[in-house]
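The next block holds one structure in the form of structure tokens; read it before the comments.
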Amino acid sequence: MAELHDLTALEQAEAVRSGELSPVDLTEHYLTRIERLDSTLGAFITRTPDLARKQAAEAEREAAAARREDRPLPLLYGVPVPVKDLNHVAGVRCTMGSLALAEHVPTFDDHLVVKLREGGTILLGKTNTPEFGLSCYTENRLAPPARTPWDLERSAGGSSGGAAAAVAGGLAPVAHASDGGGSVRIPASVCGLYGIKPSRGRISSGPVLHDVAGLSTAGPLSRTVADGAALLDVLAGPMPGDPYAAPALPPGETFSAYARRAPGRLRIACLTQAPIEGLELHPDCRAAIETTVALLGELGHQVEDLPLPTVDDNARYAFTRVWSVLAANRPVPPGGEELLMPLTRYLRQRGARLTAVEFARSMYEFRSLGQLFADALMPRDGGYDVILSPTVAAPPAPVGSLRDDADPQAEFAAIGRFTPFAALYNATGQPAVNVPLYWNDEGLPIGVMFAARYGDEGTLISLSAQLEEARPWAGRKPAVW
């Protein structure tokens with residue numbers, strides 16, 4: 001018999017609206033699973049059972065009142081949605097994955113948390129993240145490593161590894177995540193989930209942690225396309241002070257509507273050449289692309305091979321320079337520097353040595369790259385509608401295999417080899433998604449990535465829903481479920 005965590009987030013919300021499901025019972029179900037499984041999965045840094053129970057009780061009263069008064073409720077009302085521990089929730093510890101901030105308790109909500117509260121979602125806790133979200137695995141000095149439920153010897157990826165482990169392991173129906181260099185899509189790939197990195201400026205990063213470089217954005221992790229689109233609807237929208245704003249949807253339009261709409265025939269470019277000299281794509285990742293190309297052809301789309309666009313060394317190393325500056329800019333309390341992990345210290349030292357001119361030139365390279373895609377590859381009056389590539393270059397990595405405390409420079413290079421495709425769309429600001437279409441012979445998920453024109457999440461969501469209908473994945477269950 002199906003259990004509550006077998007339901008999608010939208011099914012749970014509909015049951016709450018109709019009175020068939022109590023938010024209190026739903027919250028208790030997830031709190032029980034977290035208590036039983038979190039030490040295995042490493043999904044949470046901080047749990048918030050008291051706050052969750054309070055919010056669930058309030059949601060139950062409001063849902064009952066809405067039924068009596070015949071008025072609508074928000075899309076995911078009464079549904080638990082954990083928040084990644086890089087974002088502030090008033091009164092809840094926010095460590096950013098760092099021992100140096102182990103006792104940091106903010107007094108305000110980030111803008112996206114305001115939207116989650118307004119949407120009536122319930123906070124189960126703060127999900128696990130590597131220190132300051134800097135790596136593609138989730139291991140820190142505060143919590144157990146985040147592990148993919150498909151193989152507990154392997155990492156859940158990063159930096160939203162805790163969020164992905166929670167959703168893939170049935171500890172939450174959907175989760176807030178964030179992506180500065182692939183941190184939604186990488187965990188989605190290795191955990192068999194759908195993940196959306198929205199367009200730059202689609203979701204506010206304010207009020208105090210604005211990423212002025214424009215690399216990072218929040219995004220949803222989910223088991224289904226419709227759930228991911230629904231959480232994007234909850235999170236999206238400009239807020240006062242935002243340095244970027246994505247193009248608004250047409251009046252009355254929603255991302256959820258795109259999940260119910262056919263994409264039409266698309267022209268899709270297939271990019272498999274990694275932007276790292278000598279890097280060979282793992283055969284499983286190549287097989288994932290080949291099966292996806294075949295499926296796209298069956299669905300009537302036009303797929304063409306795309307050679308890697310030519311970029312010079314300035315463009316190639318721009319991401320590393322900006323990433324290092326962002327690491328150096330993270331506030332660390334007095335005496336906290338020695339508590340930081342070796343990779344964090346390495347990146348901060350590297351960022352501190354860069355000049356303002358070098359940083360500005362790297363930002364210029366991002367804008368030039370975005371213009372190249374907009375003008376040469378994806379103009380609105382022609383060109384490609386979508387670009388397909390691997391999400392990562394290899395199957396899920398064993399826990400600890402990418403980490404190298406003795407040589408953080410080598411570690412950072414290994415991270416780049418594992419994730420050579422993802423950061424491109426952080427630099428350009430384009431939306432990109434991971435779609436879980438393939439599992440290898442060992443039963444490990446191997447995701448594929450699609451990117452669209454800036455501001456065009458709708459096409460990605462419609463295409464993803466079409467692929468999901470043609471080759472459903474939600475029925476697959478991992479070892480931990």
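Naming works like this for the structure tokens: A, B, ... for the chains as they're shown, residue 1 at the start of each chain, ligands 1 onward in shown order.
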Once you count only C-alpha atoms, what closest atom pair and distance in Å to one decimal does each residue of range 118-189 of chain A within 12 Å of range 64-73 of chain A have, with rows by chain and rising residue number, as a Markdown table?
```
| residue | atom | partner | partner_atom | distance |
| --- | --- | --- | --- | --- |
| A:Glu118 | CA | A:Leu73 | CA | 10.5 |
| A:Gly119 | CA | A:Leu73 | CA | 8.3 |
| A:Gly120 | CA | A:Leu73 | CA | 8.5 |
| A:Thr121 | CA | A:Leu73 | CA | 11.2 |
```
Report task. Per DSSP on the backbone, filter range 50-203 of chain A down to the residues in alpha helix (DSSP H) and report them as a VMD selection string. Result -> chain A and resid 50 to 69 111 to 118 161 to 168 185 to 191
For range 360-475 of chain A against range 159-178 of chain A, with a cut-off of 12 Å and counting only C-alpha atoms, what is the closest atom pair and its distance in Å to one decimal for every residue that makes the cut, ordered by chain and number, as a tab-separated table?
```
residue	atom	partner	partner_atom	distance
A:Pro396	CA	A:Gly161	CA	11.7
A:Val399	CA	A:Gly161	CA	11.6
A:Ile415	CA	A:Ser159	CA	11.5
A:Thr419	CA	A:Ser159	CA	11.9
A:Asn426	CA	A:Ser178	CA	11.2
A:Pro436	CA	A:Ala168	CA	11.7
A:Pro445	CA	A:Ala168	CA	11.1
A:Trp473	CA	A:Ala168	CA	11.9
A:Ala474	CA	A:Ala168	CA	10.0
A:Gly475	CA	A:Ala168	CA	11.8
```
Keeping N, CA and C atoms, export the residues of the selection given above as a tab-separated table (two decimals), in the first residue's frame.
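Dumped everything to out13.tsv:
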```
chain	number	residue	atom	x	y	z
A	396	PRO	N	27.77	8.59	-10.20
A	396	PRO	CA	27.93	9.12	-8.84
A	396	PRO	C	29.25	8.69	-8.21
A	399	VAL	N	31.74	8.42	-1.76
A	399	VAL	CA	31.94	9.41	-0.71
A	399	VAL	C	33.44	9.54	-0.43
A	415	ILE	N	37.10	18.33	-9.11
A	415	ILE	CA	35.71	18.79	-9.16
A	415	ILE	C	35.36	19.25	-10.57
A	419	THR	N	32.47	17.76	-13.20
A	419	THR	CA	31.33	18.62	-13.56
A	419	THR	C	31.73	19.64	-14.63
A	426	ASN	N	25.62	28.89	-15.53
A	426	ASN	CA	25.71	29.89	-14.47
A	426	ASN	C	26.38	31.15	-15.01
A	436	PRO	N	16.15	12.99	-15.20
A	436	PRO	CA	16.64	11.65	-14.85
A	436	PRO	C	16.09	10.57	-15.78
A	445	PRO	N	21.64	6.32	-11.08
A	445	PRO	CA	21.06	7.32	-12.00
A	445	PRO	C	22.14	8.12	-12.71
A	473	TRP	N	9.95	8.06	-14.73
A	473	TRP	CA	11.02	7.65	-13.82
A	473	TRP	C	10.58	7.62	-12.36
A	474	ALA	N	9.45	8.24	-12.03
A	474	ALA	CA	9.09	8.38	-10.61
A	474	ALA	C	8.78	7.04	-9.96
A	475	GLY	N	8.45	6.04	-10.77
A	475	GLY	CA	8.16	4.73	-10.20
A	475	GLY	C	9.39	3.97	-9.72
```
**Report entry** Polymer residues at most 12 Å from Phe44 in chain A, only C-alpha atoms, same-chain spacing of 5 or more positions, as a PyMOL selection string
**Finding:** chain A and resi 31+34-35+37-39+82-85+93-97+123-130+138-140+142-147+160-167+171-172+175
Query raised in the report: In terms of the shortest atom-to-atom distance over only C-alpha atoms, which of A:Asn440, A:Ser189, A:Thr32, A:Ser199 is closest to Ser222 in chain A?
Result: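 The shortest atom-to-atom distance to Ser222 in chain A comes from A:Ser189.
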**Report entry** For His210 in chain A: contacts at 10 Å, only C-alpha atoms, fewer than 4 positions along chain excluded, given as a VMD selection string
**Finding:** chain A and resid 204 to 206 214 216 to 217 241 to 244
Report task. Tell me which protein, DNA and RNA residues are within 7 Å of Thr428 in chain A, counting only C-alpha atoms, leaving out same-chain ones fewer than 3 positions away, and put them as a list in words. Result ->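 With the cut-off at 7 Å, the set is Phe366, Arg367, Leu369, Gly370, Leu424 and Tyr425 of chain A.
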Selected residues written out with N, CA and C atoms, as a short mmCIF file (atom, residue, chain, number, x, y, z; two decimals), in the first residue's frame:
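And here's out29.cif as it stands now:
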```cif
data_model
loop_
_atom_site.label_atom_id
_atom_site.label_comp_id
_atom_site.auth_asym_id
_atom_site.auth_seq_id
_atom_site.Cartn_x
_atom_site.Cartn_y
_atom_site.Cartn_z
N PHE A 366 31.94 36.49 -18.85
CA PHE A 366 30.61 35.88 -18.67
C PHE A 366 29.61 36.52 -19.62
N ARG A 367 29.62 37.85 -19.65
CA ARG A 367 28.63 38.55 -20.47
C ARG A 367 28.89 38.28 -21.95
N LEU A 369 30.19 35.56 -23.19
CA LEU A 369 29.76 34.19 -23.45
C LEU A 369 28.24 34.13 -23.59
N GLY A 370 27.53 34.82 -22.70
CA GLY A 370 26.08 34.88 -22.81
C GLY A 370 25.62 35.48 -24.12
N LEU A 424 28.71 26.36 -17.20
CA LEU A 424 28.51 27.18 -18.38
C LEU A 424 27.26 28.04 -18.26
N TYR A 425 26.17 27.45 -17.77
CA TYR A 425 24.90 28.17 -17.75
C TYR A 425 24.75 29.07 -16.53
#
```
Requested in this report: Between CA of Leu326 in chain A and CA of Val392 in chain A, measure the distance and give it in Å to one decimal.
Outcome: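 Interatomic distance, CA of Leu326 in chain A to CA of Val392 in chain A: 23.0 Å.
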Query raised in the report: Got a sec: who's within 7 Å of Leu271 in chain A, counting only C-alpha atoms, leaving out chain neighbours fewer than 6 positions off, as JSON, numbers by chain?
Result: {"A": [305, 306, 307, 308, 388, 389]}
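Of the residues under consideration (A:Asp227, A:Asp441, A:Asp385, A:Asp375), A:Asp227 shows the shortest atom-to-atom contact distance to Phe255 in chain A when counting only C-alpha atoms.
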**Report entry** Separation of CA of Ala269 in chain A from CA of Ala226 in chain A in Å
**Finding:** 24.7 Å
Query raised in the report: So what do you get for CA of Val357 in chain A versus CA of Phe319 in chain A, distance-wise?
Result: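 Distance between the two atoms: 14.8 Å.
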Query raised in the report: If you count only C-alpha atoms, which residues fall within 9 Å of Pro247 in chain A, apart from same-chain ones fewer than 4 positions away, as JSON, numbers by chain?
Result: {"A": [199, 201, 202, 454, 455, 456]}
For the selection you just gave me, I'd like the residues written to a file as a PDB file, in the first residue's frame, keeping N, CA and C atoms.
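Saved the output as selection.pdb:
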```
ATOM      1  N   SER A 199      16.550  30.935 -14.743  1.00  0.00           N
ATOM      2  CA  SER A 199      17.284  32.050 -15.320  1.00  0.00           C
ATOM      3  C   SER A 199      17.789  32.989 -14.231  1.00  0.00           C
ATOM      4  N   GLY A 201      18.119  35.922 -11.986  1.00  0.00           N
ATOM      5  CA  GLY A 201      17.146  36.912 -11.562  1.00  0.00           C
ATOM      6  C   GLY A 201      15.725  36.403 -11.435  1.00  0.00           C
ATOM      7  N   ARG A 202      15.491  35.113 -11.719  1.00  0.00           N
ATOM      8  CA  ARG A 202      14.129  34.574 -11.593  1.00  0.00           C
ATOM      9  C   ARG A 202      13.689  34.492 -10.136  1.00  0.00           C
ATOM     10  N   TYR A 454      17.764  32.422 -22.409  1.00  0.00           N
ATOM     11  CA  TYR A 454      17.545  33.165 -21.166  1.00  0.00           C
ATOM     12  C   TYR A 454      16.062  33.538 -21.039  1.00  0.00           C
ATOM     13  N   GLY A 455      15.500  33.241 -19.873  1.00  0.00           N
ATOM     14  CA  GLY A 455      14.105  33.563 -19.606  1.00  0.00           C
ATOM     15  C   GLY A 455      13.116  32.521 -20.066  1.00  0.00           C
ATOM     16  N   ASP A 456      13.582  31.433 -20.689  1.00  0.00           N
ATOM     17  CA  ASP A 456      12.665  30.458 -21.286  1.00  0.00           C
ATOM     18  C   ASP A 456      12.636  29.141 -20.519  1.00  0.00           C
TER      19      ASP A 456
END
```
Query raised in the report: Quick one: of A:Asn329, A:Gly278, A:Arg185, A:Leu231, who's nearest to Leu209 in chain A, counting only C-alpha atoms?
Result: A:Asn329
Requested in this report: Name the closest residue to Arg417 in chain A among the candidates A:Glu103, A:Glu28, A:Glu3, A:Glu277; distances are taken between atoms, counting only C-alpha atoms.
Outcome: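 Counting only C-alpha atoms, the residue closest to Arg417 in chain A is A:Glu277.
When only C-alpha atoms are used to measure the gap to Ala422 in chain A, the shortest distance among A:Ala410, A:Leu7, A:Leu343, A:Met449 belongs to A:Met449.
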Requested in this report: Can you work out which one of A:Val89, A:Gly429, A:Ala259, A:Val79 has the shortest atom-to-atom distance to Ala246 in chain A, counting only C-alpha atoms?
Outcome: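 Of A:Val89, A:Gly429, A:Ala259, A:Val79, the one nearest Ala246 in chain A is A:Gly429, counting only C-alpha atoms.
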Requested in this report: Report the residues of range 225-330 of chain A whose backbone DSSP state falls under strand (DSSP E or B), written as a PyMOL selection string.
Outcome: chain A and resi 237+267-270+302-305
